[in-house]
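Just below is one structure, and these are the notes that go with it.
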Amino acid sequence: MLAALLLALVPWGRDERWLAVPPLLVVAQGALVALNGRAPLLAWGRRLFWLMAPIFVSLALVQGLFYPGARTVIWQVGPLSFKREGLLFATLVGGRLLLVVGAFMVLLTTTHPADLTAALVQVGLPPEGAYLVLAAIQLLPRMQARAQAIMAAQQARGLALEGAPWQRARALLPLVGPLVLGALHEVDERAMALEARAFRAPRPKTSLRTLHDSPAQRLGRWLLVLASGIVLTATRWPR
Amino acid sequence: MPVRCSVEHLTYTYPAAPTPALREVAFDVTAGEVALVAGANGAGKSTLLAALAGFAPHFFGGHLEGDVWLDAPSGERLSMRHTPLAEWVTRVGLVFSNPFNQMSGARLTVFEEVAFGLENLGVPPDEIRRRVAAVLDQLGLAALADRSSYALSGGQQQRVAIASILVLEPELLALDEPTAQLDPEGTREVLAALEALSQAQHIVVVATHDLEAFEPLATHGLVLRDGRVARRGAFADVVRQPGLAALGVTPPLSAALESGAWKPWSATPPPFDLTPDDLALPTFLEVRVENVAYRYPEGVEALRSVSLVMKPGQVVALVGRNGAGKTTLSKMLIGLLRPEAGRVLIGEHDARAFSVARLARWVGYVFQNPADQIFKRTVWDEVAFGPRNLGFSPERLKWAVELALAACGLEGLAAAHPYELLPNQRRWVTLASALAMETPVLVLDEPTGGFDRFDHLRLRHLLRALRAAGRTLLLITHDMSLVAEVADQVVVMGEGRVLAEGTPRQILTDDELLAKAGLEPPPVVRVGRMLKLPREVCTEEELAKALRDRNGGIWRSGFLGV
């Protein structure tokens, strides 16, 4: 999993020769997901696409049109002119983002959050810190579930969520208040639930999940650190 | 030395509250005893449990006088006031009343959720596995061990919450309304688990409105009124004392009969001044569910060809185990779920052809968990939310909201923030919110969680009034007494099918069927059989009449033993 994170470091070269690198590495990430076998490759790919597509479009628009110092016009639409330098830059930045996000998604789709926190505690992070990481991972799905429950209740009370897009957008406004208030309320209850389960008991904890860190994995990680060090040096070294 | 807990002159005031929530509360409870805490909502039951467990004041803040002492098996005498919460919770466990928010958020499966506390206590993994497996088995959760702890029904979540604390084997276990969301079977399992704990020389303290269910287990009783101890003593004595009804407590039926003070509930006049005319609507709608099947996206087959008819002026009660498909079926009526096969007709309209918001003109729906259906800053605005969406005129809006508030006992609370209310009042707000929409059809999903005697009586009167006004009512509940008293038709569901259908008398006196569906006859049926009445009785009115016929109008203390 860490491998994917470190792969993201690679494409920091600034010129065109590096453009081919991100797609190749994304394919490598996909291969990691497929090899791991715990999460469907398709789900990972689809999520990555929907996450990144809007970013690519906006990058292409902004950089293509307004990249400072760009001269080579490749596409003229009325008063708008897309320039080669800008689009190249957009692709480069987008490629890097794609790899970073893709790497995190490889981590999240292949690693059970409980394994992740157990691993973090095993390498010395305090349990409170590990809990924060887990809470952050769970935040979105929890909020989503709550939002769905609230929306169901609001529709059952006659709030129309169908119709024209602007109508639907307006119907989302009444969702914000109860969602935030409910989340704040839940923080309190969550804190009580943790207290009641002796989370802060002043004694050493045990863990049901023990992760086996084989020498091969350890060696692999060090090799990756080494590899990224080499890449950094190679791409950043003043020429 | 046996474990013993002494509560001494406990007076507790919440931060910024003008008056104490508990005043001079004192009692003792020893290992092997099970103390029941009863009283109307707002009397201080939950606060007392929170104080036993150290949350008041260590978590809430506020001001505490007096103390809770625990004589540990080691011979130490520990003071709650002077012990840090993190240490106290290892000795006193608390199960909160709201089952929906007791998950730690630190673990994802049921098994790991239950194991979480033991991990925190540093118990070796092998012992954790053994203890967790034993508790899950005890509470009928073994089949759910690998499920996500969030994707559970209300009753299942409640059992997971109990299991998570039970597994810690605290010297004192305090449970706040542990059976409010449970089906009769789940309640039996919880009772058996508590009995085992108590026999292993632990102290059990339970706050509950369901004295009937806990009667076989309870050794001591404590009734609170306005934060003070109103009754205290052996459970069997406390529940036979007069005046419990006025304290918002319904004693076990047999005890009430023996005390000589028993009256059928309907002899108490309704707590509101509404006529069927006030509640009548210009339209009546029949609901028909025809061969409906549904499978959740995850593949769970929730409904397999279910049919039923609900007529105006009738209460249909939907009963069955947690997870039998009751809520799934009811959601079809408001379009939140669409049938895969078959159809749902609201009057002449196929529900499939209408949006949820459109169906809401015909069908009012009260969800099981009040937390997700409160959106506004005042009770008045909350109740007005639905009518406003439906485009009521200002006059009609005012009339509808005020009527709903009066019916639900919220007149004085119109300007309050819903979050400031007691849990039972919040539930009434959700009921009022549906009522104010003036829908010919009304669906109530588990409306009685956290209800005290006053709430129960109000709900029964209200349901009868709505029925008399010609509304079509669907009631999902585990409360068989409520079914007996208000339902016209009972539909028993099991594993996504209708197992049986009939009048309350037919269903609730059929032991074989009840056992098959994981249900139990209501206390009236059981007591009627115990008394060997000539005719099987189902409602309290029938029981009262049978007793009058038999005893010539008098029943005396102790006659049950005759």
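In the structure tokens, each chain is lettered A, B, ... as it comes, each chain's residues begin at 1, and ligands are numbered from 1 in order of appearance.
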
Which residues of chain B have any atom within 6 Å of an atom in chain A when counting only C-alpha atoms, and what is the closest pair of atoms for each, with the distance in Å to one decimal? Order the rows by chain and rising number and write it as CSV.
```
residue,atom,partner,partner_atom,distance
B:Ala86,CA,A:Ala201,CA,4.8
B:Glu87,CA,A:Ala201,CA,5.8
B:Val89,CA,A:Ala196,CA,5.9
B:Gln102,CA,A:Ala193,CA,5.4
B:Ser104,CA,A:Leu194,CA,5.5
B:Gly117,CA,A:Arg197,CA,4.6
B:Glu119,CA,A:Thr206,CA,4.8
B:Asn120,CA,A:Lys205,CA,4.7
B:Leu121,CA,A:Lys205,CA,5.9
B:Gly122,CA,A:Lys205,CA,4.1
B:Pro125,CA,A:Leu208,CA,5.4
B:Val356,CA,A:Gln155,CA,5.8
B:Ala357,CA,A:Gly158,CA,4.1
B:Ala360,CA,A:Gly158,CA,5.2
B:Asp372,CA,A:Ile150,CA,5.2
B:Gln373,CA,A:Ala153,CA,5.4
B:Phe375,CA,A:Pro178,CA,5.1
B:Gly386,CA,A:Arg157,CA,4.5
B:Asn389,CA,A:Gly158,CA,5.3
B:Leu390,CA,A:Gly158,CA,5.9
```

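Across the structure, CA of Thr275 (chain B) and CA of Asn41 (chain B) are spaced 27.2 Å apart.
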
> Skipping near chain neighbours, those fewer than 6 positions away, what residues fall within 12 Å of Arg458 (chain B) using only C-alpha atoms, listed as JSON, numbers by chain?
Replying inline: {"B": [248, 265, 266, 268, 269, 270, 271, 272, 273, 274, 406, 407, 408, 409, 410, 428, 431, 447, 448, 451, 452, 464, 465, 482]}

Please produce a file of those selected residues containing C-alpha atoms, as a PDB file, in the first residue's frame.
```pdb
ATOM      1  CA  GLY B 248     -46.433   7.834  35.899  1.00  0.00           C
ATOM      2  CA  TRP B 265     -56.641   2.394  31.473  1.00  0.00           C
ATOM      3  CA  SER B 266     -59.688   3.622  29.559  1.00  0.00           C
ATOM      4  CA  THR B 268     -58.803   7.506  32.926  1.00  0.00           C
ATOM      5  CA  PRO B 269     -60.227  10.358  30.819  1.00  0.00           C
ATOM      6  CA  PRO B 270     -58.218  11.462  27.755  1.00  0.00           C
ATOM      7  CA  PRO B 271     -55.603  14.122  28.546  1.00  0.00           C
ATOM      8  CA  PHE B 272     -56.857  16.269  25.645  1.00  0.00           C
ATOM      9  CA  ASP B 273     -60.104  17.871  24.720  1.00  0.00           C
ATOM     10  CA  LEU B 274     -60.623  16.749  21.122  1.00  0.00           C
ATOM     11  CA  ALA B 406     -52.770  19.916  21.912  1.00  0.00           C
ATOM     12  CA  ALA B 407     -53.243  16.286  20.931  1.00  0.00           C
ATOM     13  CA  CYS B 408     -49.616  15.548  21.731  1.00  0.00           C
ATOM     14  CA  GLY B 409     -49.426  17.492  24.991  1.00  0.00           C
ATOM     15  CA  LEU B 410     -46.993  20.083  23.657  1.00  0.00           C
ATOM     16  CA  TRP B 428     -44.288  13.528  20.589  1.00  0.00           C
ATOM     17  CA  LEU B 431     -45.976  12.564  16.069  1.00  0.00           C
ATOM     18  CA  PRO B 447     -43.984   5.092  18.598  1.00  0.00           C
ATOM     19  CA  THR B 448     -43.703   4.068  22.270  1.00  0.00           C
ATOM     20  CA  PHE B 451     -42.905   6.348  26.976  1.00  0.00           C
ATOM     21  CA  ASP B 452     -44.047   6.481  30.587  1.00  0.00           C
ATOM     22  CA  ARG B 464     -58.748   5.613  19.377  1.00  0.00           C
ATOM     23  CA  ALA B 465     -59.819   9.188  18.580  1.00  0.00           C
ATOM     24  CA  LEU B 482     -51.084  -1.478  22.861  1.00  0.00           C
TER      25      LEU B 482
END
```

>> Taking the DSSP secondary structure from the backbone, can you list the residues of region 21-213 of chain A that are strand (DSSP E or B), as a PyMOL selection string?
In response: chain A and resi 73-77+80-83

Going by DSSP on the backbone, which bits of region 8-128 of chain A are helix (DSSP H, G or I)? Write them as a CSV table (one decimal) with N, CA and C atoms, in the first residue's frame, please.
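Final output, states-v7.csv:
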```
chain,number,residue,atom,x,y,z
A,16,GLU,N,8.1,17.9,-20.9
A,16,GLU,CA,7.1,17.0,-21.6
A,16,GLU,C,7.4,15.6,-21.5
A,17,ARG,N,8.7,15.3,-21.4
A,17,ARG,CA,9.1,13.9,-21.4
A,17,ARG,C,8.4,13.1,-20.3
A,18,TRP,N,8.0,13.8,-19.2
A,18,TRP,CA,7.4,13.2,-18.0
A,18,TRP,C,5.9,12.9,-18.2
A,19,LEU,N,5.3,13.5,-19.3
A,19,LEU,CA,3.8,13.4,-19.4
A,19,LEU,C,3.4,11.9,-19.4
A,20,ALA,N,4.2,11.1,-20.0
A,20,ALA,CA,3.7,9.7,-20.1
A,20,ALA,C,3.8,8.9,-18.8
A,21,VAL,N,4.4,9.5,-17.8
A,21,VAL,CA,4.6,8.8,-16.5
A,21,VAL,C,3.3,8.6,-15.7
A,22,PRO,N,2.5,9.6,-15.5
A,22,PRO,CA,1.3,9.4,-14.7
A,22,PRO,C,0.4,8.3,-15.2
A,23,PRO,N,0.1,8.3,-16.5
A,23,PRO,CA,-0.8,7.2,-16.9
A,23,PRO,C,-0.2,5.8,-16.6
A,24,LEU,N,1.0,5.7,-16.9
A,24,LEU,CA,1.7,4.4,-16.6
A,24,LEU,C,1.6,4.0,-15.1
A,25,LEU,N,1.8,5.0,-14.3
A,25,LEU,CA,1.8,4.7,-12.9
A,25,LEU,C,0.4,4.4,-12.4
A,26,VAL,N,-0.6,5.1,-12.9
A,26,VAL,CA,-2.0,4.8,-12.6
A,26,VAL,C,-2.3,3.4,-12.9
A,27,VAL,N,-1.9,3.0,-14.1
A,27,VAL,CA,-2.1,1.6,-14.4
A,27,VAL,C,-1.4,0.7,-13.4
A,28,ALA,N,-0.2,1.1,-12.9
A,28,ALA,CA,0.5,0.3,-11.9
A,28,ALA,C,-0.3,0.2,-10.6
A,29,GLN,N,-0.9,1.4,-10.3
A,29,GLN,CA,-1.8,1.4,-9.1
A,29,GLN,C,-3.0,0.5,-9.2
A,30,GLY,N,-3.6,0.5,-10.4
A,30,GLY,CA,-4.7,-0.4,-10.7
A,30,GLY,C,-4.3,-1.8,-10.5
A,31,ALA,N,-3.1,-2.1,-11.0
A,31,ALA,CA,-2.6,-3.5,-10.9
A,31,ALA,C,-2.5,-3.9,-9.4
A,32,LEU,N,-2.0,-2.9,-8.6
A,32,LEU,CA,-1.9,-3.2,-7.1
A,32,LEU,C,-3.3,-3.6,-6.6
A,33,VAL,N,-4.3,-2.8,-7.0
A,33,VAL,CA,-5.6,-3.0,-6.5
A,33,VAL,C,-6.1,-4.4,-6.9
A,34,ALA,N,-5.8,-4.8,-8.2
A,34,ALA,CA,-6.3,-6.0,-8.7
A,34,ALA,C,-5.5,-7.2,-8.0
A,35,LEU,N,-4.2,-7.0,-7.8
A,35,LEU,CA,-3.4,-8.0,-7.1
A,35,LEU,C,-3.9,-8.3,-5.7
A,36,ASN,N,-4.3,-7.2,-5.0
A,36,ASN,CA,-4.7,-7.3,-3.6
A,36,ASN,C,-6.0,-8.1,-3.5
A,41,LEU,N,-11.6,-3.8,-8.8
A,41,LEU,CA,-10.8,-2.9,-9.5
A,41,LEU,C,-11.7,-1.8,-10.1
A,42,LEU,N,-12.8,-2.3,-10.6
A,42,LEU,CA,-13.7,-1.4,-11.3
A,42,LEU,C,-14.2,-0.3,-10.4
A,43,ALA,N,-14.5,-0.6,-9.1
A,43,ALA,CA,-15.0,0.4,-8.2
A,43,ALA,C,-14.0,1.4,-7.9
A,44,TRP,N,-12.7,1.0,-7.8
A,44,TRP,CA,-11.6,1.9,-7.6
A,44,TRP,C,-11.5,2.9,-8.8
A,45,GLY,N,-11.5,2.3,-10.0
A,45,GLY,CA,-11.4,3.1,-11.2
A,45,GLY,C,-12.5,4.1,-11.3
A,46,ARG,N,-13.7,3.6,-11.1
A,46,ARG,CA,-14.9,4.5,-11.3
A,46,ARG,C,-14.8,5.7,-10.3
A,47,ARG,N,-14.5,5.4,-9.0
A,47,ARG,CA,-14.4,6.4,-8.0
A,47,ARG,C,-13.4,7.4,-8.4
A,48,LEU,N,-12.2,6.9,-8.8
A,48,LEU,CA,-11.1,7.8,-9.1
A,48,LEU,C,-11.5,8.7,-10.3
A,49,PHE,N,-12.2,8.1,-11.3
A,49,PHE,CA,-12.6,8.9,-12.4
A,49,PHE,C,-13.5,10.0,-12.0
A,50,TRP,N,-14.6,9.7,-11.3
A,50,TRP,CA,-15.5,10.8,-10.9
A,50,TRP,C,-14.9,11.8,-10.0
A,51,LEU,N,-13.9,11.4,-9.2
A,51,LEU,CA,-13.3,12.4,-8.3
A,51,LEU,C,-12.4,13.3,-9.2
A,52,MET,N,-11.7,12.8,-10.1
A,52,MET,CA,-10.7,13.5,-10.8
A,52,MET,C,-11.2,14.3,-12.1
A,53,ALA,N,-12.3,13.7,-12.7
A,53,ALA,CA,-12.7,14.3,-14.0
A,53,ALA,C,-13.0,15.8,-13.8
A,54,PRO,N,-13.7,16.3,-12.8
A,54,PRO,CA,-14.0,17.7,-12.7
A,54,PRO,C,-12.7,18.5,-12.5
A,55,ILE,N,-11.8,17.9,-11.8
A,55,ILE,CA,-10.6,18.7,-11.5
A,55,ILE,C,-9.8,18.9,-12.8
A,56,PHE,N,-9.7,17.8,-13.6
A,56,PHE,CA,-9.0,17.9,-14.9
A,56,PHE,C,-9.7,19.0,-15.8
A,57,VAL,N,-11.0,18.9,-15.9
A,57,VAL,CA,-11.7,19.9,-16.7
A,57,VAL,C,-11.4,21.3,-16.3
A,58,SER,N,-11.5,21.6,-15.0
A,58,SER,CA,-11.3,22.9,-14.5
A,58,SER,C,-9.9,23.4,-14.7
A,59,LEU,N,-9.0,22.4,-14.5
A,59,LEU,CA,-7.5,22.7,-14.7
A,59,LEU,C,-7.3,23.1,-16.2
A,60,ALA,N,-7.9,22.3,-17.1
A,60,ALA,CA,-7.7,22.5,-18.5
A,60,ALA,C,-8.2,23.9,-18.9
A,61,LEU,N,-9.4,24.2,-18.4
A,61,LEU,CA,-10.0,25.5,-18.7
A,61,LEU,C,-9.1,26.7,-18.2
A,62,VAL,N,-8.8,26.6,-16.9
A,62,VAL,CA,-8.1,27.8,-16.3
A,62,VAL,C,-6.7,27.9,-16.9
A,63,GLN,N,-6.0,26.8,-16.9
A,63,GLN,CA,-4.6,26.9,-17.3
A,63,GLN,C,-4.5,27.1,-18.9
A,64,GLY,N,-5.4,26.4,-19.6
A,64,GLY,CA,-5.4,26.5,-21.0
A,64,GLY,C,-5.6,27.9,-21.5
A,65,LEU,N,-6.5,28.6,-20.8
A,65,LEU,CA,-6.9,30.0,-21.2
A,65,LEU,C,-5.9,31.0,-20.6
A,66,PHE,N,-5.5,30.8,-19.4
A,66,PHE,CA,-4.8,31.9,-18.7
A,66,PHE,C,-3.4,31.7,-18.2
A,84,ARG,N,-1.0,26.0,-25.9
A,84,ARG,CA,-0.3,24.7,-25.7
A,84,ARG,C,0.4,24.6,-24.3
A,85,GLU,N,1.1,25.7,-24.0
A,85,GLU,CA,1.9,25.6,-22.7
A,85,GLU,C,0.9,25.4,-21.5
A,86,GLY,N,-0.2,26.1,-21.6
A,86,GLY,CA,-1.2,26.0,-20.5
A,86,GLY,C,-1.7,24.6,-20.3
A,87,LEU,N,-2.1,24.0,-21.4
A,87,LEU,CA,-2.7,22.7,-21.4
A,87,LEU,C,-1.6,21.7,-20.9
A,88,LEU,N,-0.4,21.9,-21.3
A,88,LEU,CA,0.7,21.0,-20.9
A,88,LEU,C,0.8,21.1,-19.4
A,89,PHE,N,0.8,22.3,-18.9
A,89,PHE,CA,0.9,22.5,-17.4
A,89,PHE,C,-0.2,21.8,-16.7
A,90,ALA,N,-1.4,22.0,-17.3
A,90,ALA,CA,-2.6,21.4,-16.7
A,90,ALA,C,-2.5,19.9,-16.6
A,91,THR,N,-2.0,19.3,-17.7
A,91,THR,CA,-1.9,17.9,-17.7
A,91,THR,C,-0.9,17.4,-16.7
A,92,LEU,N,0.2,18.2,-16.6
A,92,LEU,CA,1.2,17.8,-15.6
A,92,LEU,C,0.7,17.9,-14.2
A,93,VAL,N,0.1,19.0,-13.8
A,93,VAL,CA,-0.4,19.2,-12.4
A,93,VAL,C,-1.5,18.1,-12.2
A,94,GLY,N,-2.4,18.0,-13.2
A,94,GLY,CA,-3.5,17.0,-13.0
A,94,GLY,C,-3.0,15.6,-12.9
A,95,GLY,N,-1.9,15.3,-13.6
A,95,GLY,CA,-1.3,14.0,-13.5
A,95,GLY,C,-0.8,13.7,-12.1
A,96,ARG,N,-0.1,14.7,-11.6
A,96,ARG,CA,0.4,14.5,-10.2
A,96,ARG,C,-0.7,14.3,-9.2
A,97,LEU,N,-1.8,15.2,-9.3
A,97,LEU,CA,-2.9,15.0,-8.4
A,97,LEU,C,-3.5,13.7,-8.6
A,98,LEU,N,-3.7,13.3,-9.8
A,98,LEU,CA,-4.3,11.9,-10.1
A,98,LEU,C,-3.5,10.9,-9.4
A,99,LEU,N,-2.2,10.9,-9.4
A,99,LEU,CA,-1.4,9.9,-8.8
A,99,LEU,C,-1.5,9.9,-7.3
A,100,VAL,N,-1.5,11.2,-6.7
A,100,VAL,CA,-1.6,11.3,-5.2
A,100,VAL,C,-3.0,10.7,-4.8
A,101,VAL,N,-4.0,11.2,-5.5
A,101,VAL,CA,-5.4,10.8,-5.1
A,101,VAL,C,-5.5,9.3,-5.3
A,102,GLY,N,-5.1,8.8,-6.5
A,102,GLY,CA,-5.2,7.4,-6.8
A,102,GLY,C,-4.4,6.6,-5.7
A,103,ALA,N,-3.3,7.0,-5.3
A,103,ALA,CA,-2.5,6.3,-4.3
A,103,ALA,C,-3.3,6.2,-3.0
A,104,PHE,N,-3.9,7.3,-2.6
A,104,PHE,CA,-4.7,7.3,-1.3
A,104,PHE,C,-5.9,6.3,-1.5
A,105,MET,N,-6.4,6.3,-2.7
A,105,MET,CA,-7.6,5.4,-2.9
A,105,MET,C,-7.2,4.0,-2.9
A,106,VAL,N,-6.0,3.7,-3.4
A,106,VAL,CA,-5.5,2.3,-3.4
A,106,VAL,C,-5.4,1.9,-1.9
A,107,LEU,N,-4.9,2.9,-1.1
A,107,LEU,CA,-4.7,2.6,0.4
A,107,LEU,C,-6.1,2.3,1.0
A,108,LEU,N,-7.1,3.2,0.7
A,108,LEU,CA,-8.4,3.1,1.3
A,108,LEU,C,-9.2,1.9,0.8
A,109,THR,N,-9.0,1.5,-0.4
A,109,THR,CA,-9.9,0.4,-0.9
A,109,THR,C,-9.3,-0.9,-0.6
A,110,THR,N,-7.9,-1.0,-0.4
A,110,THR,CA,-7.3,-2.3,-0.1
A,110,THR,C,-7.1,-2.5,1.4
A,113,PRO,N,-10.1,-0.2,7.3
A,113,PRO,CA,-9.7,0.9,8.2
A,113,PRO,C,-9.3,0.4,9.6
A,114,ALA,N,-9.8,-0.7,10.0
A,114,ALA,CA,-9.4,-1.2,11.3
A,114,ALA,C,-8.0,-1.7,11.3
A,115,ASP,N,-7.6,-2.3,10.1
A,115,ASP,CA,-6.2,-2.7,10.0
A,115,ASP,C,-5.3,-1.5,10.0
A,116,LEU,N,-5.7,-0.4,9.3
A,116,LEU,CA,-4.9,0.8,9.2
A,116,LEU,C,-4.7,1.4,10.6
A,117,THR,N,-5.7,1.5,11.4
A,117,THR,CA,-5.6,2.1,12.7
A,117,THR,C,-4.7,1.1,13.6
A,118,ALA,N,-5.0,-0.2,13.5
A,118,ALA,CA,-4.2,-1.1,14.3
A,118,ALA,C,-2.7,-1.0,13.9
A,119,ALA,N,-2.4,-0.8,12.6
A,119,ALA,CA,-1.0,-0.7,12.2
A,119,ALA,C,-0.4,0.6,12.7
A,120,LEU,N,-1.3,1.7,12.7
A,120,LEU,CA,-0.8,3.0,13.2
A,120,LEU,C,-0.4,2.9,14.7
A,121,VAL,N,-1.3,2.2,15.5
A,121,VAL,CA,-1.0,2.0,16.9
A,121,VAL,C,0.3,1.2,17.1
A,122,GLN,N,0.4,0.1,16.2
A,122,GLN,CA,1.5,-0.8,16.4
A,122,GLN,C,2.9,0.0,16.1
A,127,PRO,N,-3.4,5.7,20.7
A,127,PRO,CA,-4.8,5.3,20.3
A,127,PRO,C,-5.7,6.5,19.9
A,128,GLU,N,-5.5,7.6,20.7
A,128,GLU,CA,-6.4,8.8,20.4
A,128,GLU,C,-6.1,9.2,18.9
```

> Nearest to Tyr67 (chain A): which of A:Gly220, A:Gly129, A:Leu211, A:Lys83 is it, counting only C-alpha atoms?
Replying inline: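 Ranked by minimum distance to Tyr67 (chain A), first place goes to A:Lys83.
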
>> Please compute the CA of Glu485 (chain B)-CA of Ala317 (chain B) distance, one decimal, in Å.
In response: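 Rounded to one decimal, the two atoms are 10.8 Å apart.
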
> Hey, which of B:Leu10, B:Asp237, B:Leu543, B:Asp226 ends up closest to Leu531 (chain B)? Count only C-alpha atoms.
Replying inline: B:Leu543

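Of the residues listed (B:Ala416, B:Leu474, B:Val309, B:Ala21), B:Leu474 shows the shortest atom-to-atom separation from Gly364 (chain B); distances use only C-alpha atoms.
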
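Using only C-alpha atoms, the shortest contact distance between Ala163 (chain B) and any of B:Glu348, B:Asp28, B:Glu113, B:Asp146 is found at B:Glu113.
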
> With only C-alpha atoms as the atoms that count, which of B:Phe454, B:Glu212, B:Ala280, B:Val289 lies nearest to Pro251 (chain B)?
Replying inline: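 Residue with the minimum atom-to-atom distance to Pro251 (chain B): B:Glu212.
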
> Which value, in Å to one decimal, gives the distance between CA of Ser74 (chain B) and CA of Ala200 (chain B)?
Replying inline: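 So the answer is 16.0 Å.
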
>> Can you tell me which residues surround Asp277 (chain B) at a distance of at most 12 Å, considering only C-alpha atoms, apart from same-chain residues fewer than 4 positions away, and format the answer as a list in words?
In response: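 My list of contacting residues is Asp273, Leu281, Pro282, Leu403, Ala465, Leu466, Arg467, Ala468, Ala469, Gly470 and Arg471 of chain B.
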
N, CA and C atoms of the current selection, written as a PDB file, in the first residue's frame:
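The result, written out as part-v5.pdb:
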```pdb
ATOM      1  N   ASP B 273     -58.695  17.549  24.887  1.00  0.00           N
ATOM      2  CA  ASP B 273     -60.104  17.871  24.720  1.00  0.00           C
ATOM      3  C   ASP B 273     -60.388  17.944  23.219  1.00  0.00           C
ATOM      4  N   LEU B 281     -61.451  14.324   8.567  1.00  0.00           N
ATOM      5  CA  LEU B 281     -60.968  14.937   7.332  1.00  0.00           C
ATOM      6  C   LEU B 281     -62.014  14.715   6.256  1.00  0.00           C
ATOM      7  N   PRO B 282     -61.981  15.531   5.189  1.00  0.00           N
ATOM      8  CA  PRO B 282     -62.966  15.340   4.121  1.00  0.00           C
ATOM      9  C   PRO B 282     -62.740  14.053   3.331  1.00  0.00           C
ATOM     10  N   LEU B 403     -53.850  22.191  16.877  1.00  0.00           N
ATOM     11  CA  LEU B 403     -54.561  20.950  17.178  1.00  0.00           C
ATOM     12  C   LEU B 403     -53.567  19.818  17.457  1.00  0.00           C
ATOM     13  N   ALA B 465     -59.124   8.019  19.121  1.00  0.00           N
ATOM     14  CA  ALA B 465     -59.819   9.188  18.580  1.00  0.00           C
ATOM     15  C   ALA B 465     -59.613   9.290  17.070  1.00  0.00           C
ATOM     16  N   LEU B 466     -58.384   9.007  16.617  1.00  0.00           N
ATOM     17  CA  LEU B 466     -58.107   9.072  15.181  1.00  0.00           C
ATOM     18  C   LEU B 466     -58.878   7.994  14.430  1.00  0.00           C
ATOM     19  N   ARG B 467     -58.968   6.836  15.061  1.00  0.00           N
ATOM     20  CA  ARG B 467     -59.725   5.753  14.454  1.00  0.00           C
ATOM     21  C   ARG B 467     -61.207   6.149  14.334  1.00  0.00           C
ATOM     22  N   ALA B 468     -61.728   6.735  15.411  1.00  0.00           N
ATOM     23  CA  ALA B 468     -63.131   7.149  15.399  1.00  0.00           C
ATOM     24  C   ALA B 468     -63.370   8.224  14.339  1.00  0.00           C
ATOM     25  N   ALA B 469     -62.305   9.006  14.027  1.00  0.00           N
ATOM     26  CA  ALA B 469     -62.446  10.067  13.037  1.00  0.00           C
ATOM     27  C   ALA B 469     -62.308   9.522  11.610  1.00  0.00           C
ATOM     28  N   GLY B 470     -62.093   8.227  11.467  1.00  0.00           N
ATOM     29  CA  GLY B 470     -62.070   7.633  10.133  1.00  0.00           C
ATOM     30  C   GLY B 470     -60.703   7.603   9.478  1.00  0.00           C
ATOM     31  N   ARG B 471     -59.647   7.850  10.262  1.00  0.00           N
ATOM     32  CA  ARG B 471     -58.311   7.748   9.659  1.00  0.00           C
ATOM     33  C   ARG B 471     -57.944   6.278   9.439  1.00  0.00           C
TER      34      ARG B 471
END
```
